[in-house]
$ cat entry.cif   # mmCIF, C-alpha atoms and all ligand atoms
data_coords
loop_
_atom_site.label_atom_id
_atom_site.label_comp_id
_atom_site.auth_asym_id
_atom_site.auth_seq_id
_atom_site.Cartn_x
_atom_site.Cartn_y
_atom_site.Cartn_z
CA MET A 1085 -14.81 -5.59 -7.23
CA THR A 1086 -14.35 -9.29 -6.47
CA LEU A 1087 -10.97 -10.42 -5.28
CA GLN A 1088 -8.96 -13.33 -6.67
CA LEU A 1089 -8.40 -16.26 -4.34
CA TRP A 1090 -5.61 -18.74 -5.04
CA THR A 1091 -5.37 -21.97 -3.07
CA GLY A 1092 -3.55 -25.29 -3.43
CA CYS A 1093 -0.12 -23.67 -3.37
CA VAL A 1094 3.09 -23.54 -1.38
CA ALA A 1095 4.08 -19.91 -0.85
CA ALA A 1096 7.73 -18.89 -0.49
CA THR A 1097 6.87 -15.44 0.85
CA LEU A 1098 10.45 -14.31 1.64
CA ASN A 1099 8.78 -12.36 4.43
CA PRO A 1100 11.40 -12.02 7.19
CA ALA A 1101 8.61 -11.66 9.76
CA LEU A 1102 7.76 -15.35 9.30
CA PRO A 1103 9.92 -17.84 11.19
CA GLN A 1104 10.22 -20.61 8.55
CA PRO A 1105 13.09 -20.63 6.03
CA TYR A 1106 12.00 -18.78 2.84
CA GLY A 1107 9.03 -17.49 4.86
CA LEU A 1108 7.45 -20.72 3.61
CA ILE A 1109 3.72 -21.37 4.00
CA GLU A 1110 2.55 -24.88 3.12
CA ASP A 1111 -1.08 -25.15 1.99
CA ALA A 1112 -1.27 -21.41 1.50
CA ALA A 1113 -4.07 -19.16 0.35
CA LEU A 1114 -3.38 -15.93 -1.46
CA VAL A 1115 -5.86 -13.12 -2.05
CA VAL A 1116 -5.18 -10.64 -4.85
CA ASP A 1117 -6.96 -7.32 -4.50
CA GLY A 1118 -6.61 -5.42 -7.79
CA PRO A 1119 -2.91 -4.73 -8.31
CA LEU A 1120 -1.96 -5.67 -4.74
CA ILE A 1121 -1.76 -8.70 -2.49
CA GLY A 1122 -4.74 -8.54 -0.14
CA TRP A 1123 -3.84 -11.43 2.14
CA VAL A 1124 -1.47 -14.39 2.28
CA GLY A 1125 -1.34 -17.08 4.92
CA VAL A 1126 -2.30 -20.59 5.87
CA ARG A 1127 -5.44 -21.48 4.02
CA SER A 1128 -7.35 -22.62 7.10
CA GLU A 1129 -6.77 -19.18 8.64
CA LEU A 1130 -8.28 -17.16 5.79
CA PRO A 1131 -10.83 -14.86 7.47
CA ALA A 1132 -14.40 -15.78 6.43
CA ALA A 1133 -15.33 -12.14 5.79
CA LEU A 1134 -12.46 -11.85 3.30
CA ALA A 1135 -13.26 -15.20 1.68
CA ALA A 1136 -16.82 -13.93 1.13
CA ARG A 1137 -15.50 -11.07 -1.02
CA CYS A 1138 -13.46 -13.41 -3.27
CA GLY A 1139 -14.46 -15.10 -6.51
CA PRO A 1140 -14.35 -18.89 -6.67
CA ALA A 1141 -11.04 -20.28 -5.43
CA GLN A 1142 -8.52 -20.97 -8.21
CA ASP A 1143 -6.58 -24.15 -7.47
CA ALA A 1144 -2.87 -23.79 -8.21
CA GLY A 1145 -2.47 -27.56 -8.27
CA GLY A 1146 0.24 -27.68 -5.63
CA ALA A 1147 2.45 -25.10 -7.39
CA LEU A 1148 5.14 -23.13 -5.62
CA VAL A 1149 4.43 -19.37 -5.55
CA THR A 1150 7.14 -16.77 -5.17
CA PRO A 1151 7.34 -13.01 -5.61
CA GLY A 1152 8.09 -11.97 -9.19
CA LEU A 1153 11.84 -12.19 -9.71
CA ILE A 1154 13.86 -8.97 -9.90
CA ASP A 1155 17.07 -8.58 -11.93
CA PRO A 1156 18.71 -5.52 -10.35
CA HIS A 1157 21.74 -5.10 -12.68
CA THR A 1158 21.70 -5.48 -16.46
CA HIS A 1159 23.15 -3.81 -19.53
CA LEU A 1160 20.74 -5.66 -21.80
CA VAL A 1161 20.22 -2.83 -24.29
CA TYR A 1162 23.16 -2.98 -26.72
CA ALA A 1163 23.93 -3.82 -30.34
CA GLY A 1164 26.19 -6.54 -31.70
CA ASP A 1165 28.10 -9.06 -29.65
CA ARG A 1166 31.68 -9.77 -28.60
CA ALA A 1167 32.06 -13.43 -29.53
CA ARG A 1168 35.40 -12.72 -31.25
CA GLU A 1169 36.76 -11.25 -28.03
CA PHE A 1170 35.55 -14.37 -26.27
CA GLU A 1171 37.79 -16.34 -28.63
CA MET A 1172 40.70 -14.01 -27.84
CA ARG A 1173 40.20 -14.40 -24.12
CA LEU A 1174 40.14 -18.16 -24.45
CA GLY A 1175 43.44 -17.80 -26.30
CA GLY A 1176 44.91 -16.11 -23.23
CA VAL A 1177 44.31 -12.35 -23.71
CA SER A 1178 42.74 -10.81 -20.59
CA TYR A 1179 39.53 -8.73 -20.37
CA GLU A 1180 41.59 -5.72 -19.24
CA GLU A 1181 44.09 -6.17 -22.07
CA ILE A 1182 41.29 -6.29 -24.66
CA ALA A 1183 39.82 -3.10 -23.19
CA ARG A 1184 43.22 -1.36 -23.33
CA GLN A 1185 43.57 -2.33 -27.01
CA GLY A 1186 40.36 -0.46 -27.85
CA GLY A 1187 38.09 -3.49 -27.76
CA GLY A 1188 35.79 -4.34 -24.88
CA ILE A 1189 33.16 -1.78 -23.99
CA ALA A 1190 34.44 0.54 -26.75
CA SER A 1191 33.60 -2.03 -29.42
CA THR A 1192 30.01 -2.30 -28.17
CA VAL A 1193 29.85 1.51 -28.11
CA ARG A 1194 30.70 1.62 -31.82
CA GLN A 1195 27.94 -0.85 -32.65
CA THR A 1196 25.36 0.72 -30.34
CA ARG A 1197 25.98 4.22 -31.69
CA ALA A 1198 25.55 2.93 -35.23
CA ALA A 1199 22.25 1.13 -34.53
CA SER A 1200 18.90 2.80 -35.26
CA PRO A 1201 16.45 2.96 -32.33
CA GLU A 1202 14.40 0.20 -34.00
CA ALA A 1203 17.43 -2.03 -34.54
CA LEU A 1204 18.57 -1.47 -30.97
CA ARG A 1205 15.16 -2.48 -29.65
CA ALA A 1206 14.97 -5.47 -32.00
CA GLN A 1207 18.32 -6.78 -30.80
CA SER A 1208 17.60 -6.14 -27.13
CA ARG A 1209 13.99 -7.37 -27.01
CA PRO A 1210 14.81 -11.11 -27.01
CA ARG A 1211 17.04 -10.62 -23.99
CA LEU A 1212 14.28 -8.97 -21.98
CA GLN A 1213 11.83 -11.62 -23.21
CA ALA A 1214 14.16 -14.38 -22.04
CA LEU A 1215 14.35 -12.87 -18.56
CA CYS A 1216 10.56 -12.51 -18.40
CA ALA A 1217 10.06 -16.10 -19.56
CA GLU A 1218 11.79 -17.14 -16.34
CA GLY A 1219 9.51 -15.13 -14.07
CA VAL A 1220 11.34 -11.80 -13.96
CA THR A 1221 8.86 -8.95 -13.45
CA THR A 1222 11.23 -6.05 -12.63
CA VAL A 1223 14.51 -5.34 -14.43
CA GLU A 1224 17.13 -2.65 -14.08
CA ILE A 1225 18.70 -1.58 -17.40
CA LYS A 1226 21.75 0.67 -17.64
CA SER A 1227 22.89 2.98 -20.38
CA GLY A 1228 26.64 3.20 -20.96
CA TYR A 1229 27.22 2.00 -24.52
CA GLY A 1230 26.28 5.37 -26.01
CA LEU A 1231 28.63 7.75 -24.18
CA ASP A 1232 27.22 10.83 -25.86
CA LEU A 1233 23.93 12.56 -25.14
CA GLU A 1234 22.07 11.32 -28.18
CA SER A 1235 23.20 7.71 -27.91
CA GLU A 1236 22.69 7.48 -24.15
CA ARG A 1237 19.18 8.86 -24.68
CA LYS A 1238 18.57 6.27 -27.41
CA MET A 1239 19.55 3.47 -25.02
CA LEU A 1240 17.42 4.75 -22.12
CA GLN A 1241 14.42 5.27 -24.39
CA ALA A 1242 14.84 1.74 -25.79
CA ALA A 1243 14.90 0.36 -22.25
CA ARG A 1244 11.74 2.25 -21.27
CA GLN A 1245 9.92 1.27 -24.46
CA LEU A 1246 10.77 -2.41 -24.11
CA GLY A 1247 9.46 -2.39 -20.56
CA GLN A 1248 6.18 -0.89 -21.74
CA GLU A 1249 5.91 -3.34 -24.63
CA LEU A 1250 6.44 -6.38 -22.42
CA GLY A 1251 4.47 -5.05 -19.46
CA VAL A 1252 7.27 -5.36 -16.91
CA THR A 1253 8.81 -2.72 -14.68
CA VAL A 1254 12.04 -1.38 -16.14
CA ARG A 1255 14.18 0.88 -13.94
CA THR A 1256 16.72 2.84 -15.93
CA THR A 1257 20.18 3.73 -14.66
CA PHE A 1258 22.39 6.35 -16.32
CA LEU A 1259 25.88 4.87 -16.69
CA GLY A 1260 27.44 7.59 -18.83
CA ALA A 1261 30.67 7.03 -16.89
CA HIS A 1262 31.11 3.46 -18.15
CA ALA A 1263 34.13 3.94 -20.42
CA LEU A 1264 36.03 6.75 -22.09
CA PRO A 1265 34.67 7.34 -25.61
CA PRO A 1266 37.32 7.67 -28.36
CA GLU A 1267 36.66 11.38 -28.93
CA PHE A 1268 37.79 12.02 -25.32
CA ALA A 1269 40.92 9.80 -25.46
CA GLY A 1270 43.44 11.05 -22.90
CA ARG A 1271 40.91 13.52 -21.45
CA PRO A 1272 38.90 11.62 -18.87
CA ASP A 1273 38.15 14.69 -16.75
CA ALA A 1274 36.73 16.50 -19.76
CA TYR A 1275 34.54 13.49 -20.41
CA ILE A 1276 33.30 13.58 -16.81
CA ASP A 1277 32.34 17.24 -17.46
CA ALA A 1278 30.29 15.96 -20.39
CA VAL A 1279 28.66 13.24 -18.27
CA VAL A 1280 27.77 15.80 -15.61
CA ALA A 1281 26.19 17.94 -18.33
CA MET A 1282 24.20 15.04 -19.86
CA LEU A 1283 22.67 13.93 -16.58
CA PRO A 1284 20.26 16.84 -15.93
CA VAL A 1285 19.07 16.76 -19.54
CA LEU A 1286 18.23 13.06 -19.45
CA HIS A 1287 16.76 13.45 -15.98
CA ARG A 1288 14.47 16.23 -17.19
CA GLU A 1289 13.28 13.92 -19.94
CA GLY A 1290 12.24 11.42 -17.28
CA LEU A 1291 14.75 8.80 -18.39
CA VAL A 1292 16.83 8.34 -15.24
CA ASP A 1293 15.94 6.46 -12.06
CA ALA A 1294 19.49 6.12 -10.70
CA VAL A 1295 23.11 6.90 -11.57
CA ASP A 1296 26.01 4.43 -11.80
CA VAL A 1297 29.76 4.68 -12.53
CA PHE A 1298 32.36 2.05 -13.50
CA CYS A 1299 34.98 2.82 -10.85
CA GLU A 1300 38.04 0.78 -11.79
CA ARG A 1301 41.59 0.94 -13.19
CA ILE A 1302 40.10 0.57 -16.67
CA GLY A 1303 37.10 2.76 -15.77
CA PHE A 1304 37.02 5.98 -13.74
CA SER A 1305 38.90 7.14 -10.65
CA LEU A 1306 37.48 7.84 -7.21
CA ASP A 1307 37.61 11.60 -7.82
CA GLN A 1308 35.82 11.26 -11.13
CA THR A 1309 33.23 8.99 -9.53
CA ARG A 1310 32.66 11.56 -6.79
CA ARG A 1311 31.97 14.28 -9.34
CA VAL A 1312 29.28 12.18 -11.02
CA PHE A 1313 27.76 11.30 -7.65
CA GLU A 1314 27.66 14.97 -6.65
CA ALA A 1315 25.77 15.75 -9.84
CA ALA A 1316 23.33 12.95 -9.03
CA ARG A 1317 22.87 14.20 -5.50
CA ALA A 1318 22.14 17.71 -6.76
CA LEU A 1319 19.20 16.23 -8.69
CA GLY A 1320 18.05 14.02 -5.82
CA LEU A 1321 18.90 10.85 -7.76
CA PRO A 1322 20.11 7.72 -5.96
CA VAL A 1323 23.50 6.24 -6.88
CA LYS A 1324 24.91 2.75 -7.43
CA LEU A 1325 28.46 1.71 -8.26
CA HIS A 1326 30.41 -0.89 -10.23
CA ALA A 1327 32.98 -1.33 -7.48
CA GLU A 1328 35.95 -3.55 -6.64
CA GLN A 1329 35.41 -5.92 -9.59
CA LEU A 1330 39.02 -6.22 -10.76
CA SER A 1331 40.85 -4.41 -7.93
CA ASP A 1332 40.17 -2.68 -4.60
CA SER A 1333 39.74 0.98 -5.58
CA GLY A 1334 37.88 1.99 -2.42
CA GLY A 1335 34.76 2.64 -4.48
CA ALA A 1336 32.38 1.04 -2.02
CA ARG A 1337 33.49 3.42 0.75
CA LEU A 1338 32.93 6.41 -1.50
CA ALA A 1339 29.53 5.08 -2.58
CA ALA A 1340 28.60 4.59 1.07
CA ASP A 1341 29.29 8.29 1.70
CA PHE A 1342 26.57 8.99 -0.86
CA GLY A 1343 24.13 6.50 0.70
CA ALA A 1344 24.36 4.27 -2.39
CA LEU A 1345 21.45 1.93 -3.05
CA SER A 1346 23.97 -0.75 -3.99
CA CYS A 1347 27.56 -1.58 -4.80
CA ASP A 1348 27.91 -4.23 -7.46
CA HIS A 1349 30.49 -6.97 -8.31
CA LEU A 1350 32.68 -6.58 -5.16
CA GLU A 1351 35.13 -9.48 -5.60
CA TYR A 1352 37.93 -7.27 -4.19
CA LEU A 1353 35.86 -5.56 -1.48
CA SER A 1354 37.93 -4.91 1.67
CA PRO A 1355 36.71 -5.37 5.27
CA GLN A 1356 36.53 -1.56 5.52
CA GLY A 1357 34.38 -1.54 2.42
CA VAL A 1358 32.05 -4.13 3.93
CA GLN A 1359 31.72 -2.04 7.08
CA ALA A 1360 31.02 1.12 5.10
CA MET A 1361 28.28 -0.65 3.15
CA ALA A 1362 26.75 -1.98 6.35
CA ASP A 1363 26.74 1.50 7.90
CA ALA A 1364 25.18 3.02 4.77
CA GLY A 1365 22.58 0.28 4.33
CA SER A 1366 23.80 -0.40 0.77
CA VAL A 1367 22.94 -3.71 -0.89
CA ALA A 1368 25.73 -5.91 -2.28
CA VAL A 1369 24.67 -6.89 -5.81
CA LEU A 1370 26.72 -9.97 -6.68
CA LEU A 1371 27.21 -11.05 -10.28
CA PRO A 1372 28.17 -14.71 -10.60
CA GLY A 1373 27.79 -14.64 -14.39
CA ALA A 1374 30.66 -12.15 -14.79
CA PHE A 1375 32.76 -14.06 -12.24
CA TYR A 1376 32.22 -17.25 -14.22
CA PHE A 1377 32.58 -15.80 -17.71
CA LEU A 1378 35.82 -13.93 -16.89
CA ARG A 1379 37.06 -17.04 -15.09
CA GLU A 1380 37.71 -15.05 -11.91
CA THR A 1381 39.04 -16.92 -8.92
CA ARG A 1382 38.61 -14.34 -6.18
CA LEU A 1383 35.26 -14.67 -4.45
CA PRO A 1384 33.31 -11.72 -3.03
CA PRO A 1385 33.67 -11.60 0.79
CA LEU A 1386 30.46 -13.48 1.51
CA ASP A 1387 31.19 -14.23 5.14
CA GLY A 1388 32.06 -10.61 5.87
CA LEU A 1389 28.87 -9.44 4.19
CA ARG A 1390 26.85 -11.97 6.18
CA GLN A 1391 28.48 -11.07 9.47
CA ARG A 1392 27.82 -7.36 8.98
CA GLY A 1393 24.29 -7.99 7.79
CA VAL A 1394 24.78 -6.47 4.32
CA PRO A 1395 21.87 -7.68 2.16
CA MET A 1396 23.09 -9.68 -0.83
CA ALA A 1397 21.26 -9.48 -4.16
CA LEU A 1398 22.01 -11.42 -7.36
CA ALA A 1399 21.76 -10.19 -10.95
CA THR A 1400 22.59 -11.38 -14.45
CA ASP A 1401 24.74 -8.33 -15.36
CA CYS A 1402 23.47 -9.21 -18.85
CA ASN A 1403 26.05 -7.57 -21.17
CA PRO A 1404 28.07 -8.56 -24.24
CA GLY A 1405 31.53 -8.51 -22.65
CA SER A 1406 31.55 -10.07 -19.21
CA SER A 1407 28.17 -11.82 -18.85
CA PRO A 1408 26.19 -12.59 -22.02
CA CYS A 1409 23.52 -14.21 -19.92
CA THR A 1410 19.74 -13.92 -19.79
CA SER A 1411 18.96 -16.45 -17.05
CA LEU A 1412 18.47 -15.24 -13.50
CA LEU A 1413 17.75 -18.83 -12.41
CA LEU A 1414 21.18 -19.87 -13.68
CA MET A 1415 22.70 -17.05 -11.61
CA MET A 1416 21.05 -18.54 -8.53
CA ASN A 1417 22.59 -21.93 -9.29
CA MET A 1418 26.02 -20.39 -9.92
CA ALA A 1419 25.92 -18.36 -6.71
CA CYS A 1420 25.26 -21.58 -4.83
CA THR A 1421 27.72 -23.86 -6.67
CA LEU A 1422 30.57 -21.37 -7.17
CA TRP A 1423 30.25 -19.41 -3.93
CA ARG A 1424 28.31 -21.64 -1.56
CA MET A 1425 25.49 -19.19 -1.12
CA THR A 1426 22.47 -21.04 0.19
CA PRO A 1427 19.42 -21.51 -2.05
CA GLU A 1428 17.52 -19.41 0.47
CA GLU A 1429 20.05 -16.57 0.15
CA ALA A 1430 19.87 -16.92 -3.63
CA LEU A 1431 16.08 -16.58 -3.70
CA ALA A 1432 16.15 -13.61 -1.32
CA GLY A 1433 18.84 -12.20 -3.63
CA VAL A 1434 16.51 -12.10 -6.64
CA THR A 1435 13.45 -10.91 -4.72
CA ARG A 1436 13.55 -9.01 -1.43
CA HIS A 1437 17.14 -7.79 -1.56
CA ALA A 1438 16.99 -7.09 -5.29
CA ALA A 1439 13.99 -4.83 -4.69
CA ARG A 1440 15.96 -2.92 -2.09
CA ALA A 1441 18.92 -2.58 -4.47
CA LEU A 1442 16.53 -0.65 -6.73
CA GLY A 1443 14.95 1.34 -3.92
CA LEU A 1444 11.57 -0.35 -4.47
CA ALA A 1445 9.70 -0.91 -1.21
CA ASP A 1446 6.49 -2.21 -2.80
CA ARG A 1447 7.71 -5.62 -4.03
CA GLY A 1448 10.11 -8.50 -3.46
CA LEU A 1449 8.07 -10.38 -0.88
CA LEU A 1450 4.59 -11.79 -0.51
CA ALA A 1451 2.64 -9.88 2.11
CA ALA A 1452 -0.60 -7.90 2.27
CA GLY A 1453 -0.18 -4.50 0.62
CA MET A 1454 2.70 -5.49 -1.66
CA ARG A 1455 2.36 -5.47 -5.45
CA ALA A 1456 0.75 -8.64 -6.74
CA ASP A 1457 3.75 -9.60 -8.89
CA LEU A 1458 3.73 -13.38 -8.49
CA VAL A 1459 5.22 -16.40 -10.18
CA PHE A 1460 3.75 -19.90 -10.02
CA TRP A 1461 6.30 -22.68 -10.54
CA GLN A 1462 5.90 -26.38 -11.21
CA LEU A 1463 7.96 -27.14 -8.12
CA ASP A 1464 7.22 -28.13 -4.56
CA HIS A 1465 10.18 -26.62 -2.71
CA PRO A 1466 11.98 -23.30 -3.30
CA ALA A 1467 15.47 -24.91 -3.18
CA GLN A 1468 14.61 -26.46 -6.56
CA LEU A 1469 14.88 -22.99 -8.14
CA SER A 1470 18.61 -22.91 -7.39
CA TYR A 1471 19.19 -26.62 -7.85
CA ALA A 1472 18.39 -27.18 -11.51
CA MET A 1473 20.60 -25.89 -14.33
CA GLY A 1474 18.91 -24.71 -17.49
CA ALA A 1475 15.39 -25.70 -16.44
CA ASN A 1476 12.48 -23.33 -16.64
CA PRO A 1477 9.71 -24.57 -14.37
CA ARG A 1478 7.61 -21.39 -14.61
CA LEU A 1479 3.90 -22.02 -14.99
CA ARG A 1480 2.38 -18.54 -14.83
CA THR A 1481 3.28 -14.95 -13.97
CA LEU A 1482 0.92 -12.33 -12.53
CA ILE A 1483 1.95 -8.69 -12.78
CA GLU A 1484 -0.11 -6.34 -10.62
CA GLY A 1485 -2.59 -9.17 -10.31
CA ARG A 1486 -3.02 -9.80 -14.03
CA VAL A 1487 -1.76 -12.74 -16.01
CA ALA A 1488 1.31 -11.57 -17.92
O1 LIG B 1501 29.30 -5.08 -15.35
N1 LIG B 1501 32.23 -3.57 -15.64
C1 LIG B 1501 31.68 -2.86 -16.46
N2 LIG B 1501 30.55 -3.15 -17.09
C2 LIG B 1501 30.12 -4.46 -17.40
C3 LIG B 1501 30.87 -5.03 -18.53
C4 LIG B 1501 30.57 -4.30 -19.74
C5 LIG B 1501 31.19 -4.85 -20.97
O2 LIG B 1501 32.24 -5.52 -20.94
O3 LIG B 1501 30.57 -4.54 -21.99
C6 LIG B 1501 30.11 -5.36 -16.20
O4 LIG B 1501 30.84 -6.35 -16.10
FE FE B 1502 27.66 -4.35 -14.94
#
$ encode --input "entry.cif" --output "structure tokens"
Amino acid sequence: MTLQLWTGCVAATLNPALPQPYGLIEDAALVVDGPLIGWVGVRSELPAALAARCGPAQDAGGALVTPGLIDPHTHLVYAGDRAREFEMRLGGVSYEEIARQGGGIASTVRQTRAASPEALRAQSRPRLQALCAEGVTTVEIKSGYGLDLESERKMLQAARQLGQELGVTVRTTFLGAHALPPEFAGRPDAYIDAVVAMLPVLHREGLVDAVDVFCERIGFSLDQTRRVFEAARALGLPVKLHAEQLSDSGGARLAADFGALSCDHLEYLSPQGVQAMADAGSVAVLLPGAFYFLRETRLPPLDGLRQRGVPMALATDCNPGSSPCTSLLLMMNMACTLWRMTPEEALAGVTRHAARALGLADRGLLAAGMRADLVFWQLDHPAQLSYAMGANPRLRTLIEGRVA
């Protein structure tokens, strides 16, 4: 089989083995060997024997090439919206108050339960399409608006089917412990029993890649979180956690004990929590869309995370209540403008570190042997990806070497 050869491009490889910022290679050549990257480097150094096996060089016209973007935290499968609650919040009612009054997640649960599988897919599809249109090739999608076996299954199946339809990788996370459904009002521990019973069933059906919990005053306690994590561990499933978003519950330390892939949100993460994440090798998935949309003022402890070497990923958190957002590029801009992350950190956050937050070792950087998930951009420097607001400079996406 002949290999594809791309030239005339600037490659932001994100490969930490390369000394330049962004792992940047000017005047790069890139060889695609079936579904994988065969070679990437300075064009003049392309080995002649390899060049001989390639088809005619395809000129990228000076485009920037990056790994396919990865959105490692979304709730994009849901029905309805919460625009009326947005109005209430702007009138001064808080997100927590709305949740306590039976709105919030519970209102999306009502609408998601009522939706047919087709309607749920039809409403969710444009959100996944919007992400893909901006160069996203791998997306994590959580359940958590069903909160009973049948409705959680419906959500996870919708997520899997949309991924197949659009030809992108979808990783599904079971978030049964997202909120207390009305039929369990006042009985959170009984609901956790139900969650622990749902998990093996959905796992057996091949619908679960990881397990998440909303550990918070308005979510579940540390003890309840531990019970769900123990059930995940018994099945060999990795865990993630919505932790320290609205308060410091100590969730990150618990998650670290379970070797969590990631802890997400983290505005109230303590220094002990940072240390625990560093020791466990967990990724910090930061969600600037939710920070912005809920008008939070407390920043995640970026310096602490940097000092301890905790990898920082970025995600849209696409959901109807705290981040109705389908632009990962906008998240990069917000992380830089609101939190002073660097554009290089932002790009690593939606590629290399995002891959790790999903436990995927085969993508997130451009190097021989990695999946050939690539995006060509009409840009000449990777900082431009974080700089512009609302632009979409994507030219072309390859997924496993094929034009998407
Ligand atoms: O990540 N915090 C919990 N889950 C979502 C919000 C879900 C919702 O409000 O519908 C989040 O912010
Ligand atoms: Fe979330």
$ atom_distance --input "entry.cif" --atom1 "CA of Val1223 (chain A)" --atom2 "CA of Ile1483 (chain A)"
13.1 Å
$ atom_distance --input "entry.cif" --atom1 "CA of Glu1224 (chain A)" --atom2 "CA of His1157 (chain A)"
5.4 Å
$ atom_distance --input "entry.cif" --atom1 "CA of Leu1102 (chain A)" --atom2 "CA of Val1124 (chain A)"
11.6 Å
$ residues_near_ligand --input "entry.cif" --ligand "ligand FE 1502 (chain B)" --cutoff "10 Å" --atoms "all atoms listed in the file" --output "list of chain:residue names"
A:His1157, A:Thr1158, A:His1159, A:Leu1160, A:Ile1225, A:Lys1226, A:Gly1228, A:Leu1259, A:His1262, A:Asp1296, A:Val1297, A:Phe1298, A:Leu1325, A:His1326, A:Ala1327, A:Gln1329, A:Asp1348, A:His1349, A:Val1369, A:Leu1371, A:Ala1374, A:Ala1399, A:Thr1400, A:Asp1401, A:Cys1402, A:Asn1403, A:Gly1405, A:Ser1406, A:Ser1407
$ closest_residue --input "entry.cif" --among "A:Ala1488, A:Ala1214, A:Leu1338, A:Leu1130" --to "Ala1113 (chain A)" --atoms "all atoms listed in the file"
A:Leu1130
$ residues_near_point --input "entry.cif" --point "(37.0, -0.9, 6.0)" --cutoff "12 Å" --atoms "all atoms listed in the file" --output "list in words"
Asp1332, Gly1334, Gly1335, Ala1336, Arg1337, Leu1338, Ala1340, Leu1353, Ser1354, Pro1355, Gln1356, Gly1357, Val1358, Gln1359, Ala1360, Met1361, Ala1362, Asp1363, Gly1388, Leu1389 and Arg1392 of chain A
$ closest_residue --input "entry.cif" --among "A:Val1323, A:Leu1148, A:Leu1153, A:Leu1291" --to "Ala1397 (chain A)" --atoms "all atoms listed in the file"
A:Leu1153
$ closest_residue --input "entry.cif" --among "A:Cys1299, A:Leu1204, A:Leu1383, A:Ile1189" --to "ligand LIG 1501 (chain B)" --atoms "all atoms listed in the file"
A:Ile1189
$ closest_residue --input "entry.cif" --among "A:Cys1409, A:Val1434, A:Leu1240, A:Ala1467" --to "ligand LIG 1501 (chain B)" --atoms "only C-alpha atoms and all ligand atoms"
A:Cys1409
$ closest_residue --input "entry.cif" --among "A:Met1416, A:Leu1386, A:Ile1302, A:Val1161" --to "Ala1199 (chain A)" --atoms "only C-alpha atoms"
A:Val1161
$ closest_atom_pairs --input "entry.cif" --of "region 1110-1142 of chain A" --to "region 1449-1461 of chain A" --cutoff "10 Å" --atoms "only C-alpha atoms" --output "JSON lines"
{"residue": "A:Leu1114", "atom": "CA", "partner": "A:Leu1450", "partner_atom": "CA", "distance": 9.0}
{"residue": "A:Val1115", "atom": "CA", "partner": "A:Ala1452", "partner_atom": "CA", "distance": 8.6}
{"residue": "A:Val1116", "atom": "CA", "partner": "A:Ala1456", "partner_atom": "CA", "distance": 6.5}
{"residue": "A:Asp1117", "atom": "CA", "partner": "A:Ala1456", "partner_atom": "CA", "distance": 8.1}
{"residue": "A:Gly1118", "atom": "CA", "partner": "A:Ala1456", "partner_atom": "CA", "distance": 8.1}
{"residue": "A:Pro1119", "atom": "CA", "partner": "A:Ala1456", "partner_atom": "CA", "distance": 5.6}
{"residue": "A:Leu1120", "atom": "CA", "partner": "A:Arg1455", "partner_atom": "CA", "distance": 4.4}
{"residue": "A:Ile1121", "atom": "CA", "partner": "A:Ala1456", "partner_atom": "CA", "distance": 4.9}
{"residue": "A:Gly1122", "atom": "CA", "partner": "A:Ala1452", "partner_atom": "CA", "distance": 4.8}
{"residue": "A:Trp1123", "atom": "CA", "partner": "A:Ala1452", "partner_atom": "CA", "distance": 4.8}
{"residue": "A:Val1124", "atom": "CA", "partner": "A:Ala1451", "partner_atom": "CA", "distance": 6.1}
{"residue": "A:Gly1125", "atom": "CA", "partner": "A:Ala1451", "partner_atom": "CA", "distance": 8.7}
$ closest_residue --input "entry.cif" --among "A:Val1220, A:Leu1264, A:Val1252, A:Tyr1229" --to "Ala1183 (chain A)" --atoms "only C-alpha atoms"
A:Leu1264
$ build_atoms --input "entry.cif" --residues "region 1296-1301 of chain A" --atoms "N, CA, C and O atoms" --output "JSON list (two decimals), in the frame of the given file"
[["chain", "number", "residue", "atom", "x", "y", "z"],
["A", 1296, "ASP", "N", 24.97, 5.43, -12.06],
["A", 1296, "ASP", "CA", 26.01, 4.43, -11.80],
["A", 1296, "ASP", "C", 27.31, 4.90, -12.46],
["A", 1296, "ASP", "O", 27.29, 5.72, -13.38],
["A", 1297, "VAL", "N", 28.44, 4.38, -11.96],
["A", 1297, "VAL", "CA", 29.76, 4.68, -12.53],
["A", 1297, "VAL", "C", 30.56, 3.37, -12.51],
["A", 1297, "VAL", "O", 30.40, 2.56, -11.60],
["A", 1298, "PHE", "N", 31.41, 3.17, -13.51],
["A", 1298, "PHE", "CA", 32.36, 2.05, -13.50],
["A", 1298, "PHE", "C", 33.65, 2.57, -12.88],
["A", 1298, "PHE", "O", 34.45, 3.24, -13.53],
["A", 1299, "CYS", "N", 33.83, 2.32, -11.60],
["A", 1299, "CYS", "CA", 34.98, 2.82, -10.85],
["A", 1299, "CYS", "C", 36.02, 1.71, -10.82],
["A", 1299, "CYS", "O", 35.84, 0.70, -10.14],
["A", 1300, "GLU", "N", 37.09, 1.89, -11.60],
["A", 1300, "GLU", "CA", 38.04, 0.78, -11.79],
["A", 1300, "GLU", "C", 39.28, 1.31, -12.50],
["A", 1300, "GLU", "O", 39.21, 2.37, -13.13],
["A", 1301, "ARG", "N", 40.38, 0.56, -12.43],
["A", 1301, "ARG", "CA", 41.59, 0.94, -13.19],
["A", 1301, "ARG", "C", 41.27, 1.23, -14.64],
["A", 1301, "ARG", "O", 41.78, 2.17, -15.22]]
